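Student: Enclosed is the structure file data.cif (mmCIF, C-alpha atoms (C1' of nucleotides)).
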data_my_file
loop_
_atom_site.label_atom_id
_atom_site.label_comp_id
_atom_site.auth_asym_id
_atom_site.auth_seq_id
_atom_site.Cartn_x
_atom_site.Cartn_y
_atom_site.Cartn_z
CA MET A 22 23.44 1.82 -7.02
CA LYS A 23 22.50 4.15 -9.83
CA LEU A 24 20.58 7.06 -8.33
CA VAL A 25 18.80 9.79 -10.26
CA THR A 26 17.08 13.07 -9.46
CA TRP A 27 14.74 14.62 -12.02
CA ASN A 28 12.24 17.45 -11.81
CA VAL A 29 9.71 16.22 -14.36
CA ASN A 30 7.42 19.30 -14.29
CA SER A 31 4.17 17.27 -14.23
CA LEU A 32 4.42 13.49 -14.08
CA ASN A 33 1.12 13.31 -15.93
CA VAL A 34 2.63 15.02 -18.97
CA ARG A 35 6.08 13.47 -18.65
CA LEU A 36 5.11 9.84 -17.95
CA PRO A 37 5.82 8.54 -21.48
CA ARG A 38 9.23 10.23 -21.50
CA LEU A 39 10.00 8.95 -18.00
CA VAL A 40 9.11 5.36 -18.87
CA GLU A 41 11.27 5.57 -21.98
CA TRP A 42 14.14 7.06 -20.00
CA LEU A 43 13.90 4.35 -17.31
CA ALA A 44 14.13 1.64 -19.97
CA ALA A 45 17.17 3.27 -21.56
CA ASN A 46 19.04 4.07 -18.34
CA ALA A 47 17.97 1.40 -15.84
CA PRO A 48 18.48 3.41 -12.66
CA ASP A 49 17.98 1.75 -9.26
CA VAL A 50 16.48 4.74 -7.46
CA VAL A 51 14.75 7.76 -8.98
CA CYS A 52 13.86 10.92 -7.06
CA LEU A 53 11.12 12.84 -8.87
CA GLN A 54 10.01 16.38 -8.16
CA GLU A 55 7.05 18.45 -9.34
CA THR A 56 4.87 15.44 -9.96
CA LYS A 57 1.82 17.75 -9.53
CA LEU A 58 -0.36 14.72 -8.75
CA GLU A 59 -2.43 13.74 -5.78
CA ASP A 60 -1.36 10.35 -4.44
CA ALA A 61 -4.70 8.82 -5.49
CA ARG A 62 -3.87 9.72 -9.10
CA PHE A 63 -0.28 8.45 -9.07
CA PRO A 64 0.37 6.15 -12.08
CA HIS A 65 1.40 3.09 -10.07
CA ASP A 66 0.37 0.71 -12.87
CA GLU A 67 2.61 2.27 -15.52
CA ILE A 68 5.53 2.66 -13.13
CA GLY A 69 5.03 -0.97 -12.07
CA LYS A 70 5.10 -2.14 -15.68
CA ALA A 71 8.36 -0.24 -16.08
CA GLY A 72 9.83 -2.34 -13.25
CA TYR A 73 9.59 0.04 -10.30
CA VAL A 74 7.69 0.48 -7.08
CA ALA A 75 6.75 4.07 -6.32
CA HIS A 76 6.36 5.89 -3.02
CA ALA A 77 4.57 9.18 -3.55
CA TYR A 78 3.91 12.35 -1.61
CA GLY A 79 1.98 14.65 -3.87
CA GLN A 80 -0.66 17.28 -4.25
CA ARG A 81 -2.55 18.64 -7.23
CA THR A 82 -1.18 21.44 -9.42
CA TYR A 83 1.98 22.22 -7.48
CA ASN A 84 4.98 20.48 -5.93
CA GLY A 85 4.83 16.74 -5.23
CA VAL A 86 7.70 14.27 -4.91
CA ALA A 87 8.08 10.53 -5.46
CA LEU A 88 10.69 7.83 -4.96
CA LEU A 89 10.90 5.07 -7.57
CA VAL A 90 12.70 1.93 -6.47
CA ARG A 91 13.70 -0.77 -8.90
CA ASP A 92 11.98 -4.15 -8.42
CA GLY A 93 13.99 -6.32 -6.05
CA LEU A 94 15.26 -3.42 -3.97
CA ALA A 95 13.46 -2.77 -0.70
CA ALA A 96 12.59 0.70 0.58
CA THR A 97 12.09 0.87 4.33
CA ASP A 98 11.26 3.62 6.82
CA VAL A 99 9.54 5.75 4.20
CA ALA A 100 9.01 9.22 5.67
CA ARG A 101 7.11 12.16 4.24
CA GLY A 102 7.71 15.84 4.90
CA LEU A 103 10.52 17.70 6.64
CA PRO A 104 10.84 16.61 10.30
CA GLY A 105 10.27 19.58 12.60
CA PHE A 106 9.00 21.82 9.80
CA PRO A 107 5.22 21.52 9.37
CA ASP A 108 4.40 22.33 5.75
CA GLU A 109 1.24 22.04 3.67
CA GLN A 110 3.39 21.79 0.56
CA LYS A 111 4.51 18.29 -0.39
CA ARG A 112 8.26 18.65 -0.90
CA VAL A 113 10.14 15.81 0.80
CA ILE A 114 10.03 12.02 0.81
CA ALA A 115 12.76 9.81 2.26
CA ALA A 116 13.46 6.10 2.51
CA THR A 117 16.27 3.70 3.33
CA ILE A 118 17.32 1.68 0.28
CA ALA A 119 20.20 -0.82 0.27
CA GLY A 120 21.50 0.68 3.49
CA VAL A 121 21.45 4.24 2.14
CA ARG A 122 19.13 6.93 3.50
CA VAL A 123 17.76 8.67 0.41
CA ILE A 124 16.17 12.08 0.96
CA ASN A 125 14.34 13.44 -2.06
CA ALA A 126 13.67 17.17 -1.78
CA TYR A 127 11.98 19.87 -3.83
CA VAL A 128 13.23 23.09 -2.28
CA PRO A 129 10.90 26.09 -2.71
CA ASN A 130 11.57 28.28 -5.71
CA GLY A 131 11.33 31.61 -3.90
CA GLN A 132 9.92 33.52 -6.88
CA SER A 133 11.86 36.75 -6.19
CA VAL A 134 13.98 37.99 -3.32
CA ASP A 135 11.38 40.58 -2.24
CA SER A 136 8.50 38.10 -2.08
CA ASP A 137 6.93 36.19 0.80
CA LYS A 138 7.85 33.04 -1.07
CA TYR A 139 11.53 33.93 -0.73
CA ALA A 140 11.17 34.27 3.05
CA TYR A 141 9.42 30.91 3.07
CA LYS A 142 12.27 29.45 1.03
CA LEU A 143 14.92 30.67 3.48
CA ALA A 144 12.91 29.40 6.46
CA TRP A 145 12.43 26.09 4.69
CA CYS A 146 16.17 25.79 4.02
CA LYS A 147 16.91 26.48 7.68
CA GLY A 148 14.44 23.74 8.65
CA ALA A 149 16.14 21.43 6.18
CA THR A 150 19.54 22.11 7.76
CA THR A 151 18.23 21.08 11.18
CA ALA A 152 16.54 17.98 9.79
CA LEU A 153 19.63 16.98 7.81
CA ALA A 154 21.90 17.36 10.83
CA GLU A 155 19.70 14.94 12.76
CA ALA A 156 19.36 12.54 9.85
CA LEU A 157 23.13 12.37 9.43
CA VAL A 158 23.53 11.25 13.03
CA ALA A 159 21.17 8.34 12.43
CA HIS A 160 22.31 7.57 8.88
CA PRO A 161 26.03 7.90 8.07
CA LEU A 162 25.24 6.72 4.54
CA LEU A 163 22.95 9.49 3.34
CA VAL A 164 22.13 11.23 0.09
CA LEU A 165 20.16 14.43 -0.41
CA ALA A 166 18.94 14.49 -3.99
CA GLY A 167 16.54 16.85 -5.63
CA ASP A 168 15.69 20.15 -7.17
CA LEU A 169 17.39 22.27 -4.53
CA ASN A 170 16.60 25.48 -6.47
CA ILE A 171 19.99 27.00 -5.64
CA ALA A 172 22.94 27.53 -7.96
CA PRO A 173 25.80 27.31 -5.47
CA GLU A 174 28.66 28.90 -7.41
CA PRO A 175 29.24 31.34 -10.28
CA ARG A 176 30.25 28.47 -12.56
CA ASP A 177 26.77 27.01 -12.02
CA VAL A 178 25.19 30.06 -13.70
CA HIS A 179 25.42 30.92 -17.41
CA ASP A 180 25.73 34.64 -16.62
CA PRO A 181 26.71 35.18 -12.98
CA ALA A 182 26.75 38.97 -13.28
CA LEU A 183 23.18 38.96 -14.60
CA TRP A 184 22.01 36.58 -11.87
CA GLU A 185 23.88 38.09 -8.92
CA GLY A 186 21.40 38.85 -6.17
CA GLN A 187 18.52 37.21 -8.06
CA VAL A 188 16.49 34.35 -6.67
CA LEU A 189 18.24 30.97 -7.13
CA PHE A 190 21.65 32.68 -6.88
CA SER A 191 21.30 35.17 -4.03
CA GLU A 192 23.84 35.12 -1.22
CA PRO A 193 21.43 33.93 1.52
CA GLU A 194 20.40 30.96 -0.63
CA ARG A 195 23.99 30.09 -1.42
CA ALA A 196 24.81 30.40 2.29
CA ALA A 197 22.07 27.87 3.03
CA PHE A 198 23.58 25.52 0.46
CA ARG A 199 27.03 25.94 2.01
CA GLY A 200 25.43 25.16 5.36
CA TRP A 201 24.41 21.75 4.01
CA LEU A 202 27.96 21.14 2.81
CA ALA A 203 29.21 22.19 6.26
CA LEU A 204 27.18 19.35 7.75
CA GLY A 205 29.48 16.99 5.90
CA LEU A 206 27.63 16.68 2.62
CA VAL A 207 29.58 16.64 -0.64
CA ASP A 208 28.40 17.92 -4.03
CA GLY A 209 28.55 14.69 -6.04
CA PHE A 210 28.76 16.49 -9.37
CA ARG A 211 31.87 18.44 -8.41
CA ARG A 212 33.72 15.36 -7.21
CA PHE A 213 34.46 14.70 -10.88
CA GLU A 214 35.80 16.67 -13.80
CA GLN A 215 32.88 18.14 -15.73
CA PRO A 216 32.40 19.99 -18.99
CA PRO A 217 32.37 23.77 -18.57
CA ASN A 218 28.91 25.35 -18.60
CA SER A 219 27.17 22.31 -17.15
CA PHE A 220 23.61 23.10 -16.15
CA SER A 221 20.52 21.13 -15.11
CA TRP A 222 17.75 23.64 -15.89
CA TRP A 223 17.05 25.87 -18.86
CA ASP A 224 14.13 28.29 -19.21
CA TYR A 225 11.59 27.29 -21.83
CA ARG A 226 11.76 30.83 -23.15
CA MET A 227 14.26 32.84 -25.17
CA LEU A 228 16.00 29.85 -26.74
CA ALA A 229 17.69 29.24 -23.41
CA PHE A 230 18.44 25.59 -24.10
CA PRO A 231 19.92 25.90 -27.61
CA LYS A 232 21.98 28.81 -26.31
CA ASN A 233 22.87 26.82 -23.18
CA ARG A 234 21.78 29.64 -20.92
CA GLY A 235 21.01 27.54 -17.86
CA LEU A 236 21.57 27.04 -14.16
CA ARG A 237 22.75 24.05 -12.14
CA ILE A 238 20.09 23.82 -9.45
CA ASP A 239 19.45 20.06 -9.31
CA HIS A 240 21.89 18.30 -7.03
CA ILE A 241 23.01 15.05 -5.48
CA LEU A 242 24.71 15.71 -2.13
CA LEU A 243 26.36 12.76 -0.43
CA SER A 244 27.52 12.18 3.11
CA THR A 245 31.29 11.80 3.39
CA ALA A 246 31.09 8.04 3.81
CA LEU A 247 28.84 7.71 0.78
CA ALA A 248 30.83 10.18 -1.32
CA ALA A 249 33.80 7.85 -0.98
CA ARG A 250 31.73 5.25 -2.82
CA CYS A 251 30.49 7.58 -5.56
CA THR A 252 32.23 6.62 -8.81
CA ALA A 253 30.51 8.98 -11.27
CA CYS A 254 28.06 11.85 -11.47
CA ARG A 255 26.70 13.50 -14.59
CA ILE A 256 23.80 15.45 -16.06
CA ASP A 257 21.85 13.86 -18.90
CA ARG A 258 21.52 16.91 -21.11
CA ASN A 259 19.96 14.84 -23.89
CA ALA A 260 16.79 14.43 -21.83
CA ARG A 261 16.14 18.18 -22.26
CA LYS A 262 15.85 17.71 -26.05
CA GLY A 263 12.96 16.60 -28.22
CA GLU A 264 9.22 16.84 -27.89
CA LYS A 265 7.70 18.11 -24.66
CA PRO A 266 10.79 17.96 -22.44
CA SER A 267 10.84 18.93 -18.80
CA ASP A 268 12.77 22.17 -18.31
CA HIS A 269 15.09 20.17 -16.01
CA ALA A 270 17.53 17.43 -16.98
CA PRO A 271 18.17 14.36 -14.81
CA VAL A 272 21.27 14.18 -12.63
CA ILE A 273 22.72 10.69 -12.25
CA ALA A 274 25.11 9.34 -9.61
CA GLU A 275 26.76 5.94 -9.56
CA ILE A 276 27.42 4.59 -6.09
CA SER A 277 29.57 1.51 -5.63
CA ASP A 278 28.46 -1.31 -3.35
CA ASP A 279 32.03 -1.70 -2.09
CA ARG A 280 32.77 -0.53 1.39
"C1'" DA B 6 19.58 21.38 -34.83
"C1'" DT B 7 18.14 21.13 -29.61
"C1'" DG B 8 14.27 26.03 -31.12
"C1'" DG B 9 11.37 31.39 -29.98
"C1'" DC B 10 7.17 29.09 -22.61
"C1'" DA B 11 4.69 25.22 -20.26
"C1'" DA B 12 1.27 23.17 -17.04
"C1'" DT B 13 -2.64 23.72 -14.35
"C1'" DG B 14 -7.15 25.06 -13.01
"C1'" DT B 15 -9.58 29.25 -11.35
"C1'" DT B 16 -10.09 27.74 -18.33
"C1'" DT B 17 -10.43 31.51 -23.24
"C1'" DC B 18 -6.95 34.32 -18.60
"C1'" DA B 19 -4.33 34.02 -14.04
"C1'" DT B 20 -0.84 31.88 -11.51
"C1'" DT B 21 3.42 29.69 -10.90
"C1'" DG B 22 7.79 28.10 -12.13
"C1'" DA B 23 13.08 29.44 -12.28
#
Any chance you could give the structure as structure tokens?
Tutor:
Amino acid sequence: MKLVTWNVNSLNVRLPRLVEWLAANAPDVVCLQETKLEDARFPHDEIGKAGYVAHAYGQRTYNGVALLVRDGLAATDVARGLPGFPDEQKRVIAATIAGVRVINAYVPNGQSVDSDKYAYKLAWCKGATTALAEALVAHPLLVLAGDLNIAPEPRDVHDPALWEGQVLFSEPERAAFRGWLALGLVDGFRRFEQPPNSFSWWDYRMLAFPKNRGLRIDHILLSTALAARCTACRIDRNARKGEKPSDHAPVIAEISDDR
DNA sequence: ATGGCAATGTTTCATTGA
């Protein structure tokens, strides 16, 4: 199974690029974030023509997630939202695909550490920890993929001294991320040797991408049993280039069918 | 050479993202 997470920053704007990327990369499962589309406006026709069935959980303007599943693969037990954490914001959709529980999450940004949004982010992360702990009991083969909006380690930040204490890299956020690892989840990207200065997001401003001033905030976390079957994980930096890119690049994991 | 914010709606600015 080839599984991808990609914050597309408006599916409406990014649809042509997404369709092109699907054709070139042929993933089996795609976790999208920031679709910014109500479900009634989801482009099921275009995604269908590309060879995928979509399960969406969106809203207008902000947030919104979707799971794309390649034709021939079945998605069962599709669930929307974070269990036990009532939330108006559409940030989570999960399904079981080929025996794997796939949880697609768009963790709140937090804006700044002194904002209400940051408090909401920390509360949300705590709710996610509880929900993940329960999900892992029911689903030993589990993956949490998404824009987790946390850079877990200094090497995930282009300038750790500059970002220390800032939102996306503050200690409470990183503690929440470590809490997910403590549940038995493994950072798929770090299971493999990676180029130094690997990031998944670059600000549109200040030439951040050409200067490679980015953060690694998009992640694929695998349960221990599933991590043993993960054969590769990489970031497709090329997808950040060209006309009208998302500010995030896709993260891709290869998961073997062998047991 | 990849490029100096982008997307959305409340639209000609404000809000949000990260």
Student: Atom CA of Asn170 of chain A to atom CA of Ile238 of chain A: how many Å, to one decimal?
Tutor: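 Atom CA of Ile238 of chain A lies 4.9 Å from atom CA of Asn170 of chain A.
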Student: Got a sec: who's within 8 Å of segment 254-263 of chain A, counting all atoms listed in the file, leaving out chain neighbours fewer than 3 positions off, as a list in words?
Tutor: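 Counting only the stated atoms, we get Gly209, Phe210, Arg212, Phe213, Gln215, Ser219, Phe220, Ser221, Phe230, Cys251, Pro266, Ser267, Asp268, His269, Ala270, Pro271, Val272, Ile273, Ala274 and Glu275 of chain A; DT7 of chain B.
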Student: Hey, what comes out of the PyMOL selection byres ((chain A) within 6 of (chain B)) on this file? Could you write it as a ChimeraX atom specification?
Tutor: /A:82,225-228,231,262
Student: So, counting all atoms listed in the file, which residue among A:Leu163, A:Ala172, A:Leu43, A:Leu243 is closest to Leu202 of chain A?
Tutor: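 Among the listed residues, the smallest separation from Leu202 of chain A belongs to A:Leu243.
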Student: With all atoms listed in the file as the counted atoms, please give the residues lying no more than 10 Å from Leu189 of chain A, apart from itself and same-chain residues fewer than 2 positions off, as number ranges by chain.
Tutor: A: 129-134, 139, 169-173, 178, 184-187, 191-195, 236-238; B: 23
Student: Atom CA of Pro37 of chain A and atom CA of Glu67 of chain A are how many Å apart?
Tutor: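 Distance reported for this atom pair: 9.2 Å.
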Student: Given the file above and the PyMOL selection byres ((chain A and resi 56) around 6), which residues are selected, and can you give them as a PyMOL selection string?
Tutor: chain A and resi 31-32+54-55+57-58+85-86
Student: Output as JSON the centre and edge lengths (Å, one decimal) of the box along x, y and z of the file that holds every listed atom of segment 6-21 of chain B after adding 3 Å on each side.
Tutor:
{"center_x": 4.6, "center_y": 27.7, "center_z": -22.9, "size_x": 36.0, "size_y": 19.2, "size_z": 29.9}
Student: Set the distance at 8 Å and use all atoms listed in the file: which residues neighbour Ala197 of chain A once local chain neighbours fewer than 4 positions away are removed? I'd like the list as an mmCIF file with C-alpha atoms, keeping the file's coordinate frame.
Tutor:
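As a result, result_4.cif now contains:
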data_model
loop_
_atom_site.group_PDB
_atom_site.id
_atom_site.type_symbol
_atom_site.label_atom_id
_atom_site.label_comp_id
_atom_site.auth_asym_id
_atom_site.auth_seq_id
_atom_site.Cartn_x
_atom_site.Cartn_y
_atom_site.Cartn_z
ATOM 1 C CA LEU A 143 14.920 30.670 3.480
ATOM 2 C CA CYS A 146 16.170 25.790 4.020
ATOM 3 C CA LYS A 147 16.910 26.480 7.680
ATOM 4 C CA THR A 150 19.540 22.110 7.760
ATOM 5 C CA PRO A 193 21.430 33.930 1.520
ATOM 6 C CA TRP A 201 24.410 21.750 4.010
#
Student: Taking the file as shown, what set of residues would the PyMOL selection byres ((chain A and resi 79) around 10) give back, as a list in words?
Tutor: Gln54, Glu55, Thr56, Lys57, Leu58, Glu59, Asp60, Ala61, Arg62, Phe63, His76, Ala77, Tyr78, Gln80, Arg81, Thr82, Tyr83, Asn84, Gly85, Val86, Ala87, Arg101, Gln110, Lys111, Arg112, Val113 and Ile114 of chain A
Student: Between A:Trp145, A:Ala253, A:Lys265, A:Asp208, which has the minimum distance to Val34 of chain A (counting all atoms listed in the file)?
Tutor: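 With all atoms listed in the file as the atom set, the closest residue is A:Lys265.
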Student: What does the structure give for the distance between atom CA of Lys70 of chain A and atom CA of Trp222 of chain A, in Å to one decimal?
Tutor: 28.7 Å
